[in-house]
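**Student:** My structure is stored as data-v1.txt, with compact mmCIF, C-alpha atoms.
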# COMPACT_ATOMS: atom_id res chain seq x y z
CA MET A 1 -16.17 -8.51 9.31
CA THR A 2 -17.57 -11.26 11.42
CA THR A 3 -14.34 -12.63 12.81
CA SER A 4 -15.09 -12.01 16.46
CA ASP A 5 -16.31 -15.56 16.95
CA SER A 6 -13.57 -17.04 14.85
CA ARG A 7 -11.42 -19.85 16.08
CA LEU A 8 -8.71 -18.55 13.77
CA THR A 9 -7.43 -16.31 16.52
CA GLY A 10 -3.82 -15.66 15.59
CA SER A 11 -1.62 -13.20 17.44
CA ARG A 12 -1.96 -9.54 16.67
CA SER A 13 0.32 -8.07 14.08
CA GLU A 14 2.91 -5.62 15.39
CA ARG A 15 3.09 -3.42 12.36
CA PRO A 16 4.32 0.06 13.19
CA PRO A 17 2.15 3.11 12.76
CA PRO A 18 3.00 5.00 9.56
CA ASP A 19 4.05 8.13 11.43
CA VAL A 20 7.31 6.52 12.57
CA GLU A 21 8.43 5.99 8.97
CA PRO A 22 9.93 9.45 8.28
CA ALA A 23 12.18 9.18 11.33
CA LEU A 24 13.27 5.70 10.30
CA ILE A 25 13.97 6.78 6.73
CA ALA A 26 15.96 9.79 7.92
CA ALA A 27 17.96 7.63 10.30
CA LEU A 28 18.79 5.15 7.56
CA GLY A 29 19.81 8.04 5.34
CA ARG A 30 22.28 9.05 8.05
CA GLY A 31 23.69 5.54 7.98
CA GLU A 32 22.40 4.52 11.40
CA GLU A 33 22.76 0.81 11.90
CA GLY A 34 19.81 0.73 14.30
CA ALA A 35 17.50 1.92 11.53
CA PHE A 36 18.74 -0.81 9.22
CA GLU A 37 18.30 -3.39 11.95
CA THR A 38 14.71 -2.23 12.50
CA LEU A 39 14.01 -2.66 8.80
CA ILE A 40 15.52 -6.11 8.52
CA GLN A 41 13.74 -7.27 11.67
CA ARG A 42 10.49 -6.04 10.18
CA HIS A 43 10.78 -7.16 6.57
CA HIS A 44 13.60 -9.64 5.92
CA THR A 45 11.72 -12.91 6.39
CA ALA A 46 8.71 -11.48 4.54
CA LEU A 47 10.99 -10.59 1.62
CA ILE A 48 12.45 -14.10 1.54
CA ARG A 49 8.94 -15.57 1.39
CA LEU A 50 7.89 -13.12 -1.31
CA ALA A 51 11.01 -13.74 -3.43
CA ARG A 52 10.03 -17.39 -3.69
CA VAL A 53 7.09 -16.35 -5.86
CA TRP A 54 9.62 -15.84 -8.68
CA VAL A 55 12.82 -17.73 -7.81
CA ARG A 56 13.27 -21.42 -7.46
CA ASP A 57 15.20 -22.08 -4.28
CA ALA A 58 16.01 -20.67 -0.88
CA SER A 59 19.60 -19.67 -1.67
CA ALA A 60 18.52 -17.72 -4.76
CA ALA A 61 15.84 -16.01 -2.64
CA GLU A 62 18.49 -15.07 -0.06
CA GLU A 63 20.67 -13.54 -2.77
CA VAL A 64 17.78 -11.56 -4.23
CA VAL A 65 16.90 -10.20 -0.79
CA GLN A 66 20.53 -9.24 -0.11
CA GLU A 67 20.52 -7.32 -3.41
CA THR A 68 17.26 -5.70 -2.35
CA TRP A 69 18.70 -4.49 0.95
CA LEU A 70 21.74 -3.06 -0.81
CA ALA A 71 19.42 -1.20 -3.22
CA VAL A 72 17.32 0.08 -0.30
CA VAL A 73 20.37 1.39 1.54
CA GLN A 74 21.85 2.95 -1.57
CA GLY A 75 18.56 4.35 -2.79
CA ILE A 76 16.98 5.57 0.45
CA HIS A 77 17.67 9.23 -0.41
CA ALA A 78 15.61 8.76 -3.59
CA PHE A 79 12.59 7.41 -1.72
CA GLN A 80 9.93 10.09 -2.04
CA GLY A 81 7.16 8.66 0.09
CA ARG A 82 4.65 8.27 -2.73
CA SER A 83 4.06 4.75 -1.45
CA SER A 84 4.67 3.28 1.97
CA LEU A 85 8.25 2.29 2.71
CA GLN A 86 7.11 -1.33 2.83
CA SER A 87 5.51 -1.12 -0.60
CA TRP A 88 8.65 0.55 -2.02
CA ILE A 89 10.88 -2.19 -0.61
CA PHE A 90 8.55 -4.92 -1.91
CA GLY A 91 8.62 -3.29 -5.35
CA ILE A 92 12.44 -3.37 -5.42
CA LEU A 93 12.38 -7.01 -4.34
CA ALA A 94 9.83 -7.94 -7.00
CA ASN A 95 11.88 -6.36 -9.79
CA LYS A 96 15.04 -8.13 -8.70
CA ALA A 97 13.29 -11.46 -8.18
CA LYS A 98 11.59 -11.26 -11.59
CA ARG A 99 14.95 -10.65 -13.26
CA ARG A 100 16.47 -13.52 -11.33
CA GLY A 101 13.56 -15.77 -12.26
CA THR A 102 14.06 -14.89 -15.92
CA ARG A 103 17.78 -15.72 -15.68
CA GLU A 104 16.81 -19.08 -14.18
CA SER A 105 14.76 -19.61 -17.36
CA ARG A 106 11.69 -19.88 -15.24
CA SER A 107 8.55 -18.79 -17.01
CA HIS A 108 6.93 -15.75 -15.46
CA PRO A 109 4.38 -17.21 -13.04
CA PHE A 110 1.79 -14.55 -13.72
CA SER A 111 2.09 -14.80 -17.52
CA ALA A 112 1.42 -18.50 -17.34
CA TYR A 113 -1.50 -17.82 -15.07
CA ASP A 114 -3.17 -15.47 -17.55
CA ILE A 115 -3.96 -18.48 -19.69
CA GLY A 116 -5.48 -20.36 -16.77
CA ILE A 117 -7.94 -17.62 -15.89
CA ASP A 118 -9.82 -18.13 -19.13
CA GLN A 119 -9.85 -21.89 -18.76
CA GLU A 120 -11.74 -22.03 -15.49
CA ASP A 121 -15.24 -20.73 -15.19
CA SER A 122 -15.54 -20.34 -11.45
CA PRO A 123 -13.06 -18.79 -9.04
CA GLY A 124 -11.77 -21.83 -7.30
CA ILE A 125 -14.91 -23.73 -6.34
CA SER A 126 -15.37 -27.01 -8.12
CA PRO A 127 -18.65 -27.25 -10.05
CA ASP A 128 -19.45 -30.51 -8.20
CA HIS A 129 -20.11 -28.45 -5.11
CA PHE A 130 -23.28 -27.19 -6.75
CA PHE A 131 -26.33 -28.97 -8.13
CA PRO A 132 -25.97 -29.29 -11.92
CA HIS A 133 -27.92 -27.57 -14.65
CA GLY A 134 -31.38 -29.08 -14.97
CA HIS A 135 -31.59 -30.01 -11.30
CA GLU A 136 -34.39 -28.51 -9.24
CA TRP A 137 -31.74 -26.68 -7.19
CA ALA A 138 -29.32 -25.95 -10.06
CA GLY A 139 -26.52 -23.63 -9.02
CA HIS A 140 -27.08 -24.07 -5.27
CA TRP A 141 -24.80 -25.89 -2.86
CA SER A 142 -25.15 -29.65 -3.26
CA HIS A 143 -23.92 -30.32 0.25
CA PRO A 144 -24.77 -27.92 3.05
CA LEU A 145 -22.13 -25.88 4.83
CA ALA A 146 -24.34 -24.71 7.65
CA ASP A 147 -24.47 -27.90 9.69
CA GLU A 148 -21.35 -27.83 11.82
CA GLU A 149 -22.21 -25.40 14.55
CA SER A 150 -22.60 -28.04 17.22
CA CYS A 151 -19.17 -29.62 16.73
CA PRO A 152 -16.78 -29.29 19.67
CA GLU A 153 -14.53 -26.28 19.74
CA ARG A 154 -10.99 -26.89 18.69
CA HIS A 155 -8.28 -24.36 19.24
CA MET A 156 -4.64 -24.27 18.32
CA LEU A 157 -2.15 -22.10 20.10
CA ALA A 158 -1.94 -18.85 18.18
CA ASP A 159 1.66 -19.41 17.12
CA GLU A 160 0.91 -22.95 15.94
CA LEU A 161 -2.04 -21.76 13.94
CA GLY A 162 -0.10 -18.86 12.43
CA GLY A 163 2.64 -21.27 11.36
CA PHE A 164 0.05 -23.65 9.94
CA ILE A 165 -1.55 -20.91 7.83
CA LEU A 166 1.86 -19.73 6.60
CA ARG A 167 2.71 -23.29 5.53
CA LYS A 168 -0.57 -23.51 3.65
CA ILE A 169 0.20 -20.19 1.94
CA ASP A 170 3.66 -21.50 0.99
CA GLU A 171 2.00 -24.51 -0.65
CA LEU A 172 -0.15 -22.35 -2.94
CA PRO A 173 0.82 -21.88 -6.60
CA ALA A 174 3.18 -18.91 -7.07
CA PRO A 175 0.63 -16.37 -8.37
CA TYR A 176 -1.79 -17.17 -5.55
CA ARG A 177 1.02 -16.76 -3.04
CA GLY A 178 2.10 -13.43 -4.49
CA VAL A 179 -1.37 -11.92 -4.35
CA ILE A 180 -2.40 -13.23 -0.95
CA LEU A 181 0.91 -12.27 0.66
CA LEU A 182 0.79 -8.70 -0.62
CA HIS A 183 -2.95 -8.04 -0.36
CA ASP A 184 -4.20 -10.04 2.61
CA PHE A 185 -1.07 -10.61 4.69
CA HIS A 186 0.79 -7.31 4.24
CA GLY A 187 -2.34 -5.23 3.69
CA LEU A 188 -1.35 -3.59 0.41
CA ASN A 189 -4.24 -2.22 -1.60
CA THR A 190 -5.23 -3.52 -5.03
CA GLU A 191 -3.32 -0.83 -6.91
CA GLU A 192 -0.07 -1.48 -5.01
CA THR A 193 -0.48 -5.24 -5.37
CA CYS A 194 -1.07 -4.99 -9.12
CA THR A 195 1.86 -2.63 -9.64
CA ILE A 196 4.30 -4.84 -7.74
CA LEU A 197 3.16 -8.06 -9.40
CA GLY A 198 2.61 -6.55 -12.86
CA ILE A 199 -0.95 -7.84 -13.25
CA SER A 200 -4.32 -6.29 -14.04
CA ALA A 201 -6.86 -5.49 -11.35
CA ASN A 202 -9.19 -8.12 -12.77
CA ASN A 203 -6.54 -10.82 -12.65
CA GLN A 204 -5.65 -9.78 -9.13
CA ARG A 205 -9.28 -10.14 -8.09
CA VAL A 206 -9.63 -13.59 -9.62
CA ILE A 207 -6.30 -14.86 -8.27
CA LEU A 208 -7.05 -13.48 -4.81
CA HIS A 209 -10.41 -15.21 -4.69
CA ARG A 210 -8.93 -18.51 -5.81
CA ALA A 211 -6.15 -18.23 -3.25
CA ARG A 212 -8.65 -17.56 -0.46
CA THR A 213 -10.76 -20.47 -1.68
CA ARG A 214 -7.76 -22.81 -1.54
CA LEU A 215 -6.99 -21.62 1.98
CA ARG A 216 -10.61 -22.14 2.94
CA VAL A 217 -10.35 -25.77 1.94
CA ALA A 218 -7.08 -26.19 3.86
CA LEU A 219 -8.41 -24.43 6.94
CA GLU A 220 -11.91 -25.84 6.87
CA PRO A 221 -11.35 -28.03 9.94
CA TYR A 222 -10.69 -24.91 11.98
CA LEU A 223 -13.52 -22.99 10.42
CA LYS A 224 -16.14 -25.62 11.06
CA GLY A 225 -14.88 -27.53 14.08
CA ASN A 226 -14.23 -30.77 12.21
CA ASP A 227 -12.82 -33.12 14.79
CA HIS A 228 -10.11 -35.00 13.04
CA ALA A 229 -7.99 -32.69 11.01
CA ALA A 230 -6.45 -30.41 13.59
CA SER A 231 -3.04 -32.04 13.47
CA SER A 232 -2.93 -32.72 9.75
CA GLY A 233 -0.89 -30.66 7.30
CA MET B 1 -30.68 -27.05 2.48
CA PRO B 2 -30.57 -24.69 -0.46
CA PRO B 3 -32.90 -21.73 -0.17
CA PRO B 4 -36.33 -22.03 -1.74
CA VAL B 5 -35.82 -19.61 -4.58
CA ASP B 6 -35.49 -19.66 -8.33
CA ASN B 7 -37.44 -21.41 -11.00
CA GLY B 8 -34.44 -21.26 -13.34
CA GLU B 9 -35.11 -18.53 -15.87
CA ALA B 10 -35.88 -15.71 -13.48
CA VAL B 11 -32.47 -15.92 -11.86
CA ALA B 12 -30.49 -13.61 -14.14
CA LEU B 13 -32.21 -10.47 -12.92
CA GLY B 14 -33.74 -11.80 -9.73
CA ALA B 15 -32.49 -13.95 -6.93
CA LEU B 16 -28.89 -15.17 -7.04
CA ARG B 17 -27.96 -18.81 -7.11
CA CYS B 18 -25.28 -19.93 -4.66
CA ARG B 19 -22.77 -20.35 -7.45
CA GLU B 20 -23.30 -16.75 -8.56
CA PHE B 21 -23.08 -15.61 -4.98
CA VAL B 22 -19.67 -17.31 -4.60
CA ASP B 23 -18.41 -15.51 -7.70
CA LEU B 24 -19.35 -12.16 -6.16
CA VAL B 25 -17.83 -12.66 -2.71
CA ALA B 26 -14.43 -11.14 -3.56
CA ASP B 27 -16.05 -7.98 -4.88
CA TYR B 28 -18.38 -7.84 -1.90
CA LEU B 29 -15.42 -8.02 0.50
CA GLU B 30 -13.69 -5.25 -1.48
CA SER B 31 -16.91 -3.19 -1.42
CA THR B 32 -16.84 -2.89 -5.21
CA LEU B 33 -20.30 -4.30 -6.01
CA ASP B 34 -22.75 -1.86 -7.57
CA GLN B 35 -25.78 -1.03 -5.46
CA GLN B 36 -28.20 -3.34 -7.27
CA THR B 37 -25.87 -6.34 -7.21
CA ARG B 38 -25.05 -5.69 -3.60
CA ALA B 39 -28.75 -5.72 -2.77
CA ARG B 40 -29.22 -9.05 -4.58
CA PHE B 41 -26.15 -10.40 -2.80
CA GLU B 42 -27.49 -9.36 0.60
CA ASP B 43 -30.96 -10.70 -0.17
CA HIS B 44 -29.43 -14.07 -0.97
CA LEU B 45 -27.43 -13.89 2.24
CA ILE B 46 -30.61 -13.53 4.27
CA ASP B 47 -32.23 -16.51 2.56
CA CYS B 48 -29.31 -18.91 2.35
CA PRO B 49 -27.64 -20.24 5.51
CA ASP B 50 -24.99 -22.08 3.48
CA CYS B 51 -23.81 -18.98 1.66
CA SER B 52 -23.91 -17.13 4.95
CA VAL B 53 -21.49 -19.71 6.34
CA TYR B 54 -19.36 -19.48 3.18
CA LEU B 55 -19.07 -15.70 3.45
CA ARG B 56 -18.26 -15.90 7.16
CA GLN B 57 -15.53 -18.45 6.44
CA LEU B 58 -13.98 -16.25 3.76
CA GLU B 59 -14.11 -13.25 6.11
CA GLU B 60 -12.54 -15.39 8.80
CA ILE B 61 -9.69 -16.38 6.50
CA VAL B 62 -9.04 -12.83 5.36
CA GLY B 63 -9.01 -11.74 9.00
CA ALA B 64 -6.69 -14.57 10.06
CA VAL B 65 -4.19 -13.92 7.25
CA GLY B 66 -4.29 -10.22 8.04
CA ILE B 67 -3.12 -10.76 11.60
CA LEU B 68 -0.41 -13.31 10.82
CA ARG B 69 3.06 -12.51 12.01
CA GLU B 70 6.06 -13.27 9.87
CA GLU B 71 8.70 -15.54 11.36
CA ASP B 72 11.40 -13.78 13.40
CA LEU B 73 14.73 -13.02 11.81
CA SER B 74 17.31 -15.43 13.18
CA PRO B 75 20.23 -13.91 15.13
CA GLY B 76 22.66 -15.45 12.63
CA ALA B 77 20.95 -13.88 9.62
CA ARG B 78 20.75 -10.55 11.46
CA ASP B 79 24.49 -10.58 12.16
CA VAL B 80 25.32 -11.35 8.52
CA LEU B 81 23.11 -8.52 7.29
CA LEU B 82 24.50 -6.03 9.80
CA SER B 83 28.09 -6.88 8.91
CA ARG B 84 27.27 -6.35 5.21
CA PHE B 85 25.54 -3.07 6.05
CA ARG B 86 28.79 -1.78 7.57
CA THR B 87 30.51 -2.26 4.20
CA TRP B 88 27.83 -0.53 2.16
CA LYS B 89 27.97 3.14 1.32
CA ILE B 90 24.74 4.87 2.22
CA GLY B 91 23.13 6.55 -0.73
CA GLY B 92 25.30 4.68 -3.23
Take the structure in the file and write it out as structure tokens.

**Tutor:**
Amino acid sequence: MTTSDSRLTGSRSERPPPDVEPALIAALGRGEEGAFETLIQRHHTALIRLARVWVRDASAAEEVVQETWLAVVQGIHAFQGRSSLQSWIFGILANKAKRRGTRESRSHPFSAYDIGIDQEDSPGISPDHFFPHGHEWAGHWSHPLADEESCPERHMLADELGGFILRKIDELPAPYRGVILLHDFHGLNTEETCTILGISANNQRVILHRARTRLRVALEPYLKGNDHAASSG
Amino acid sequence: MPPPVDNGEAVALGALRCREFVDLVADYLESTLDQQTRARFEDHLIDCPDCSVYLRQLEEIVGAVGILREEDLSPGARDVLLSRFRTWKIGG
């Protein structure tokens, strides 16, 4: 990674080390309210955001997450640790949200997306960004990216920037959101991401790349020091 | 400026074009490129400042998303959830 010189310097995540999970799971199994509070502080808002991949509005997302928490509490004794606790909880949420989305007569976002993958030939970069076939430089960038190093530095406060990126993620199409939230934000691996979303590894790869490409466009002012877009969006 | 490489037909097995490079970035970041493709990818990276910037930007985005923090749970939502928890039977 070459992020050390990045101006995208958000605040550090405070994810817990995995070795505290068994104690937390045992405490929840004993019905300790403190354990439940730890879990909701850690995951509730993430679950709400993730539920919106499948369900239409905020109140439906709230209901789905409430159902998820009830299932977590009632099923904690059955959790066998084959995945992380987070991944298990996300899986419960995804199943409930998919069912809710189906009841809302909403087409499955990832099924619809399967069609789109075959219709686009490049993962998210418009062909006009490259010189066309027949050109001396066919297939190479038609406008250079490497010319912005001398622009003035522009920094946002870490919290502002984090909020800005989250808003940009929320604006992505549902499948892009699902993949980037699970894989890049919450750090799940490809296998966990595919299992939870019910997609193939290849589709996950393509969707992830397109999602990152969309974010790159949205965040370009911060990546390249462009002077006038820091307060937009 | 684009790098002074291909003459068109030699590209498939030789130097990558930028567009092909872009298509391989996700696999490169996941470390799933085979050795030969990875070598072609890295050769292109040395020759092409624009693709070098593109890769750095993608890495930057992945890094920035990876350190995001989710919004805090509001006290009101916490209280509602805790009061529901008290009515639920642990373990079903």

**Student:** Quick one: which region 67-102 of chain A residues come within 12 Å of region 19-43 of chain A, and what is the nearest atom pair for each with the distance in Å to one decimal, counting only C-alpha atoms, rows ordered by chain and ascending number, as a tab-separated table?

**Tutor:**
residue	atom	partner	partner_atom	distance
A:Thr68	CA	A:Ile40	CA	11.0
A:Trp69	CA	A:Ile40	CA	8.4
A:Leu70	CA	A:Phe36	CA	10.7
A:Val72	CA	A:Leu28	CA	9.5
A:Val73	CA	A:Leu28	CA	7.3
A:Gln74	CA	A:Gly29	CA	8.8
A:Gly75	CA	A:Gly29	CA	9.0
A:Ile76	CA	A:Gly29	CA	6.2
A:His77	CA	A:Gly29	CA	6.2
A:Ala78	CA	A:Gly29	CA	9.9
A:Phe79	CA	A:Ile25	CA	8.6
A:Gln80	CA	A:Ile25	CA	10.2
A:Gly81	CA	A:Pro22	CA	8.7
A:Ser83	CA	A:Glu21	CA	11.4
A:Ser84	CA	A:Glu21	CA	8.4
A:Leu85	CA	A:Glu21	CA	7.3
A:Gln86	CA	A:His43	CA	7.8
A:Ser87	CA	A:His43	CA	10.8
A:Trp88	CA	A:His43	CA	11.7
A:Ile89	CA	A:His43	CA	8.7
A:Phe90	CA	A:His43	CA	9.0
A:Leu93	CA	A:His43	CA	11.0

**Student:** Could you please tell me, as a PDB file with C-alpha atoms, keeping the file's coordinate frame, which residues of chain B have an atom within 8 Å of chain A when using only C-alpha atoms?

**Tutor:**
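Saved to out-v1.pdb:
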ATOM      1  CA  MET B   1     -30.680 -27.050   2.480  1.00  0.00           C
ATOM      2  CA  PRO B   2     -30.570 -24.690  -0.460  1.00  0.00           C
ATOM      3  CA  ASN B   7     -37.440 -21.410 -11.000  1.00  0.00           C
ATOM      4  CA  GLY B   8     -34.440 -21.260 -13.340  1.00  0.00           C
ATOM      5  CA  ARG B  17     -27.960 -18.810  -7.110  1.00  0.00           C
ATOM      6  CA  CYS B  18     -25.280 -19.930  -4.660  1.00  0.00           C
ATOM      7  CA  ARG B  19     -22.770 -20.350  -7.450  1.00  0.00           C
ATOM      8  CA  GLU B  20     -23.300 -16.750  -8.560  1.00  0.00           C
ATOM      9  CA  ASP B  23     -18.410 -15.510  -7.700  1.00  0.00           C
ATOM     10  CA  ALA B  26     -14.430 -11.140  -3.560  1.00  0.00           C
ATOM     11  CA  ASP B  27     -16.050  -7.980  -4.880  1.00  0.00           C
ATOM     12  CA  PRO B  49     -27.640 -20.240   5.510  1.00  0.00           C
ATOM     13  CA  ASP B  50     -24.990 -22.080   3.480  1.00  0.00           C
ATOM     14  CA  CYS B  51     -23.810 -18.980   1.660  1.00  0.00           C
ATOM     15  CA  VAL B  53     -21.490 -19.710   6.340  1.00  0.00           C
ATOM     16  CA  TYR B  54     -19.360 -19.480   3.180  1.00  0.00           C
ATOM     17  CA  ARG B  56     -18.260 -15.900   7.160  1.00  0.00           C
ATOM     18  CA  GLN B  57     -15.530 -18.450   6.440  1.00  0.00           C
ATOM     19  CA  LEU B  58     -13.980 -16.250   3.760  1.00  0.00           C
ATOM     20  CA  GLU B  59     -14.110 -13.250   6.110  1.00  0.00           C
ATOM     21  CA  GLU B  60     -12.540 -15.390   8.800  1.00  0.00           C
ATOM     22  CA  ILE B  61      -9.690 -16.380   6.500  1.00  0.00           C
ATOM     23  CA  VAL B  62      -9.040 -12.830   5.360  1.00  0.00           C
ATOM     24  CA  GLY B  63      -9.010 -11.740   9.000  1.00  0.00           C
ATOM     25  CA  ALA B  64      -6.690 -14.570  10.060  1.00  0.00           C
ATOM     26  CA  VAL B  65      -4.190 -13.920   7.250  1.00  0.00           C
ATOM     27  CA  GLY B  66      -4.290 -10.220   8.040  1.00  0.00           C
ATOM     28  CA  ILE B  67      -3.120 -10.760  11.600  1.00  0.00           C
ATOM     29  CA  LEU B  68      -0.410 -13.310  10.820  1.00  0.00           C
ATOM     30  CA  ARG B  69       3.060 -12.510  12.010  1.00  0.00           C
ATOM     31  CA  GLU B  70       6.060 -13.270   9.870  1.00  0.00           C
ATOM     32  CA  GLU B  71       8.700 -15.540  11.360  1.00  0.00           C
ATOM     33  CA  ASP B  72      11.400 -13.780  13.400  1.00  0.00           C
ATOM     34  CA  LEU B  73      14.730 -13.020  11.810  1.00  0.00           C
ATOM     35  CA  ARG B  78      20.750 -10.550  11.460  1.00  0.00           C
ATOM     36  CA  LEU B  81      23.110  -8.520   7.290  1.00  0.00           C
ATOM     37  CA  LEU B  82      24.500  -6.030   9.800  1.00  0.00           C
ATOM     38  CA  PHE B  85      25.540  -3.070   6.050  1.00  0.00           C
ATOM     39  CA  ARG B  86      28.790  -1.780   7.570  1.00  0.00           C
ATOM     40  CA  TRP B  88      27.830  -0.530   2.160  1.00  0.00           C
ATOM     41  CA  LYS B  89      27.970   3.140   1.320  1.00  0.00           C
ATOM     42  CA  ILE B  90      24.740   4.870   2.220  1.00  0.00           C
ATOM     43  CA  GLY B  91      23.130   6.550  -0.730  1.00  0.00           C
ATOM     44  CA  GLY B  92      25.300   4.680  -3.230  1.00  0.00           C
TER      45      GLY B  92
END

**Student:** Give me, please, the distance in Å between CA of Arg52 (chain A) and CA of Thr193 (chain A), quoted to one decimal.

**Tutor:**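 It comes out at 16.2 Å.
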
**Student:** By how many Å are CA of Asn203 (chain A) and CA of Glu191 (chain A) apart?

**Tutor:**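 Atom-to-atom, CA of Asn203 (chain A) and CA of Glu191 (chain A) are spaced 12.0 Å apart.
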
**Student:** Which distance in Å separates CA of Ile207 (chain A) and CA of Arg177 (chain A), to one decimal?

**Tutor:** 9.2 Å

**Student:** Can you list, as a list in words, every protein, DNA or RNA residue that comes within 12 Å of Tyr28 (chain B) when you count only C-alpha atoms, leaving out same-chain residues fewer than 2 positions away?

**Tutor:**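 Close residues of Tyr28 (chain B): Met1, Arg205 and His209 of chain A; Phe21, Val22, Asp23, Leu24, Val25, Ala26, Glu30, Ser31, Thr32, Leu33, Asp34, Gln35, Thr37, Arg38, Ala39, Arg40, Phe41, Glu42, Leu45, Leu55, Leu58 and Glu59 of chain B.
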
**Student:** I need the residues from that last selection saved to file as a PDB file, keeping the file's coordinate frame (with C-alpha atoms), if you can.

**Tutor:**
ATOM      1  CA  MET A   1     -16.170  -8.510   9.310  1.00  0.00           C
ATOM      2  CA  ARG A 205      -9.280 -10.140  -8.090  1.00  0.00           C
ATOM      3  CA  HIS A 209     -10.410 -15.210  -4.690  1.00  0.00           C
TER       4      HIS A 209
ATOM      5  CA  PHE B  21     -23.080 -15.610  -4.980  1.00  0.00           C
ATOM      6  CA  VAL B  22     -19.670 -17.310  -4.600  1.00  0.00           C
ATOM      7  CA  ASP B  23     -18.410 -15.510  -7.700  1.00  0.00           C
ATOM      8  CA  LEU B  24     -19.350 -12.160  -6.160  1.00  0.00           C
ATOM      9  CA  VAL B  25     -17.830 -12.660  -2.710  1.00  0.00           C
ATOM     10  CA  ALA B  26     -14.430 -11.140  -3.560  1.00  0.00           C
ATOM     11  CA  GLU B  30     -13.690  -5.250  -1.480  1.00  0.00           C
ATOM     12  CA  SER B  31     -16.910  -3.190  -1.420  1.00  0.00           C
ATOM     13  CA  THR B  32     -16.840  -2.890  -5.210  1.00  0.00           C
ATOM     14  CA  LEU B  33     -20.300  -4.300  -6.010  1.00  0.00           C
ATOM     15  CA  ASP B  34     -22.750  -1.860  -7.570  1.00  0.00           C
ATOM     16  CA  GLN B  35     -25.780  -1.030  -5.460  1.00  0.00           C
ATOM     17  CA  THR B  37     -25.870  -6.340  -7.210  1.00  0.00           C
ATOM     18  CA  ARG B  38     -25.050  -5.690  -3.600  1.00  0.00           C
ATOM     19  CA  ALA B  39     -28.750  -5.720  -2.770  1.00  0.00           C
ATOM     20  CA  ARG B  40     -29.220  -9.050  -4.580  1.00  0.00           C
ATOM     21  CA  PHE B  41     -26.150 -10.400  -2.800  1.00  0.00           C
ATOM     22  CA  GLU B  42     -27.490  -9.360   0.600  1.00  0.00           C
ATOM     23  CA  LEU B  45     -27.430 -13.890   2.240  1.00  0.00           C
ATOM     24  CA  LEU B  55     -19.070 -15.700   3.450  1.00  0.00           C
ATOM     25  CA  LEU B  58     -13.980 -16.250   3.760  1.00  0.00           C
ATOM     26  CA  GLU B  59     -14.110 -13.250   6.110  1.00  0.00           C
TER      27      GLU B  59
END

**Student:** Just checking: using all atoms listed in the file, which residue out of A:Pro109, A:Thr195, A:Glu160, A:Ala51 ends up closest to Ala174 (chain A)?

**Tutor:**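 Looking at the shortest contact to Ala174 (chain A), the residue is A:Pro109.
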